[in-house]
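Read the structure below first, then the notes.
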Amino acid sequence: MLSRRLILIARGRALAASRADAAAMSKGWKVASSYSQRAKFHSTNLLKAETVKVPQMAESISEGTLKSWLKQPGDPVQADEEVATIETDKIDVSVNAPAAGRITELLASEEDTVSVGQDLFRFEPGAVEDAAPKEQKSEEVKETQDPSEPKDQQVDKSTPPPPAPTPEQIRKPDPAGVQGGTAKKEVKETSKPAPAPKESKEQPAPTPRVPGSRNETRVKMSRMRLRIAERLKESQNAAASLTTFNEIDMSSIIDFRKKYKDAVLKEHDVKLGFMSAFAKASCLALKEIPAANASIEGDEIVYRDYVDLSVAVATPKGLVTPVVRNAETMNFVEIEKEIAALGKKARDGKLTLEDMAGGTFTISNGGVFGSLYGTPIINLPQAAVLGMHSIRERPVVVDGQIVIRPIMVVALTYDHRLLDGREAVTFLVKVRDYLEDPRKMLLSV
């Protein structure tokens, strides 16, 4: 009987030991699996890290200047969010994140010249969680405050209490000593006269004062400004430029605009200006003088039966000329809508190369800035450019009487290699006649 009991006790102890070994083994497997999961997480992140390259910008653009980083290492990004801006000689190119993730490394610095296909930055794709740390922090703040206490008596328990004062700090100073000995010492010390500073024998000569500032600031030219300067100088060197002037009585077109501008704004949500009238008049005149819409390519002259009208727009970065395609087929309202859309894109820096490519004739309106006279420069390879100026009231003779009329001076700069003086003057007279009597535009006479 006793031996049976001993056998059962031994079996029980062996069973308990085997269970303990099994628990320890399972705990070890759990720890090992957590380490393996961590290793797996980090390895997958490393494998998922991507390198973003400088995108293809255009056929004629192979490099640009990295103007600014909008994100820094560690910043989260969403899909298609702008990360950097590259400036070229024609447009600004945005570099966007291909997917949501986090920036890990920047591979170029601002103002560096970067080429198409060059490594630009690295990022780790994945879901971005920004709200978790803030929620965790707010929960920690709530835990450190006791809700049972009043708000004005709540104390942050996470901060340690101030240390207890030492016996030396508790000991009060002797008032008699402070008022007696210390005060007397201070009186004695203050009664002594301060030593006079030694005068230097050599004194520097006073610099002569110059009225006004003499500072100078050097700023690196942007790629667009460099390209504009290059194109303008190229035009002056290549074209045989000549400018002819004329005056336009704007009374009829001003009355036309006053009569219909409110109806156009209400019906089409666009302002009726003078640019559409000049564009339409130019298109009609270009049909009659096709050489003004032509260009030289090698030893050939290219004539066109369409008008792609380049409109000069001033932007903070320089002058750009977006193109209104097939302007000859448009009416006043359609031209105004297209010019307004292109002008907004230009001011917002959203113009693309397709918006500025081509162009067969250019109109430049310096009158919006108050210009009275000017000689615009030809936008090569075009043959001519029409310059508008400000409207001024002037005395003119009409039917033998001196009257006051609103007058605009217009200028046509043309390439004498393509246009003779007769054709250039005829073109400008046609534009004047159409604008002084807008009804002729409907009749094409």
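Ordered as shown in the structure tokens, chains take letters A, B, and onward, while each chain numbers its residues from 1 and ligands are numbered from 1 in the order shown.
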| query | Using only C-alpha atoms, which residues sit within 7 Å of Tyr373 of chain A once same-chain residues fewer than 2 positions away are excluded, as a ChimeraX atom specification? | reply | /A:371,389,409
I need the chosen residues saved as a PDB file, in the first residue's frame, with N, CA, C and O atoms.
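See result-v7.pdb below for the written result:
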```
ATOM      1  N   SER A 371       2.207 102.163 -69.996  1.00  0.00           N
ATOM      2  CA  SER A 371       3.129 102.494 -71.078  1.00  0.00           C
ATOM      3  C   SER A 371       2.420 103.323 -72.143  1.00  0.00           C
ATOM      4  O   SER A 371       1.307 103.004 -72.569  1.00  0.00           O
ATOM      5  N   HIS A 389      -0.812  99.955 -75.938  1.00  0.00           N
ATOM      6  CA  HIS A 389      -0.362 100.915 -74.930  1.00  0.00           C
ATOM      7  C   HIS A 389      -1.555 101.532 -74.232  1.00  0.00           C
ATOM      8  O   HIS A 389      -2.716 101.168 -74.506  1.00  0.00           O
ATOM      9  N   VAL A 409      -1.901 104.481 -78.824  1.00  0.00           N
ATOM     10  CA  VAL A 409      -0.812 104.292 -79.784  1.00  0.00           C
ATOM     11  C   VAL A 409      -0.493 102.796 -79.852  1.00  0.00           C
ATOM     12  O   VAL A 409      -0.276 102.155 -78.818  1.00  0.00           O
TER      13      VAL A 409
END
```
| request: Please provide as a ChimeraX atom specification all residues within 7 Å of Ile407 of chain A, with the sequence filter that same-chain residues fewer than 2 positions apart are discarded (counting only C-alpha atoms). | output: /A:247-250,391-394,405,409
| task | Please indicate the distance in Å from atom CA of Pro406 of chain A to atom CA of Thr375 of chain A, rounded to one decimal place. | result | 20.9 Å
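With atom CA of Leu70 of chain A on one side and atom CA of Gly101 of chain A on the other, the separation reads 14.8 Å.
Of the residues listed (A:Gly366, A:Gly117, A:Gly273, A:Pro76), A:Gly273 shows the shortest atom-to-atom separation from Ala340 of chain A; distances use only C-alpha atoms.
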For Arg225 of chain A, please output as a PDB file with C-alpha atoms, in the first residue's frame all residues within 12 Å (counting only C-alpha atoms; exclusion window: fewer than 4 positions along the same chain).
```
ATOM      1  CA  GLU A  87      12.949  75.160 -61.760  1.00  0.00           C
ATOM      2  CA  THR A  88      13.723  74.906 -65.464  1.00  0.00           C
ATOM      3  CA  ASP A  89      14.276  77.599 -68.079  1.00  0.00           C
ATOM      4  CA  LYS A  90      10.605  77.395 -69.107  1.00  0.00           C
ATOM      5  CA  ILE A  91       8.416  76.093 -66.263  1.00  0.00           C
ATOM      6  CA  VAL A 219      21.008  87.437 -56.355  1.00  0.00           C
ATOM      7  CA  LYS A 220      21.548  84.492 -58.656  1.00  0.00           C
ATOM      8  CA  MET A 221      19.496  84.710 -61.851  1.00  0.00           C
ATOM      9  CA  ALA A 229      17.567  87.089 -71.627  1.00  0.00           C
ATOM     10  CA  GLU A 230      19.026  84.572 -74.054  1.00  0.00           C
ATOM     11  CA  ARG A 231      15.894  84.554 -76.234  1.00  0.00           C
ATOM     12  CA  LEU A 232      15.610  88.341 -76.332  1.00  0.00           C
ATOM     13  CA  THR A 315       4.552  86.909 -63.798  1.00  0.00           C
ATOM     14  CA  PRO A 316       6.775  87.332 -60.714  1.00  0.00           C
ATOM     15  CA  LYS A 317       9.405  85.115 -62.376  1.00  0.00           C
ATOM     16  CA  GLY A 318       9.349  86.815 -65.773  1.00  0.00           C
ATOM     17  CA  LEU A 319       7.408  87.309 -68.980  1.00  0.00           C
ATOM     18  CA  VAL A 320       5.691  84.235 -70.430  1.00  0.00           C
TER      19      VAL A 320
END
```
| request: Take atom CA of Ala292 of chain A and atom CA of Leu428 of chain A and report the distance between them in Å, one decimal. | output: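 The value is 10.6 Å.
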| Residues near Ala97 of chain A, cut-off 10 Å, only C-alpha atoms, skip fewer than 5 positions along chain, as a list in words |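 Using only C-alpha atoms, the neighbours found are Val52, Val77, Gln78, Ala79, Asp80, Glu81, Glu82, Val83, Ala84, Arg102, Ile103, Phe121, Arg122, Phe123 and Pro125 of chain A.
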| For Arg257 of chain A, the nearest of the candidates A:Ala239, A:Leu351, A:Val93, A:Val333, counting only C-alpha atoms |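 Ranking A:Ala239, A:Leu351, A:Val93, A:Val333 by distance to Arg257 of chain A, first place goes to A:Val333.
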| request: Run DSSP on the backbone and grab whatever in segment 256-400 of chain A lands in strand (DSSP E or B); send it over as a PyMOL selection string. | output: chain A and resi 295-297+300-302+309-311+313-315+318-320+323-324+361-365+384-388+391-398
| message | I need the residues in segment 181-366 of chain A that are alpha helix (DSSP H) according to DSSP; give them as a VMD selection string. | response | chain A and resid 183 to 191 223 to 238 251 to 268 275 to 288 332 to 347 353 to 356
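All residues of protein, DNA or RNA that reach within 10 Å of Lys258 of chain A, judged by only C-alpha atoms and not counting those fewer than 5 positions away in the chain, are Ser252, Ile253, Ala263, Leu272 and Gly273 of chain A.
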| task | Name all residues at most 7 Å from Gln382 of chain A (count only C-alpha atoms; drop same-chain ones fewer than 2 positions away) and give them as a ChimeraX atom specification. | result | /A:294-295,360-361,378-380,384
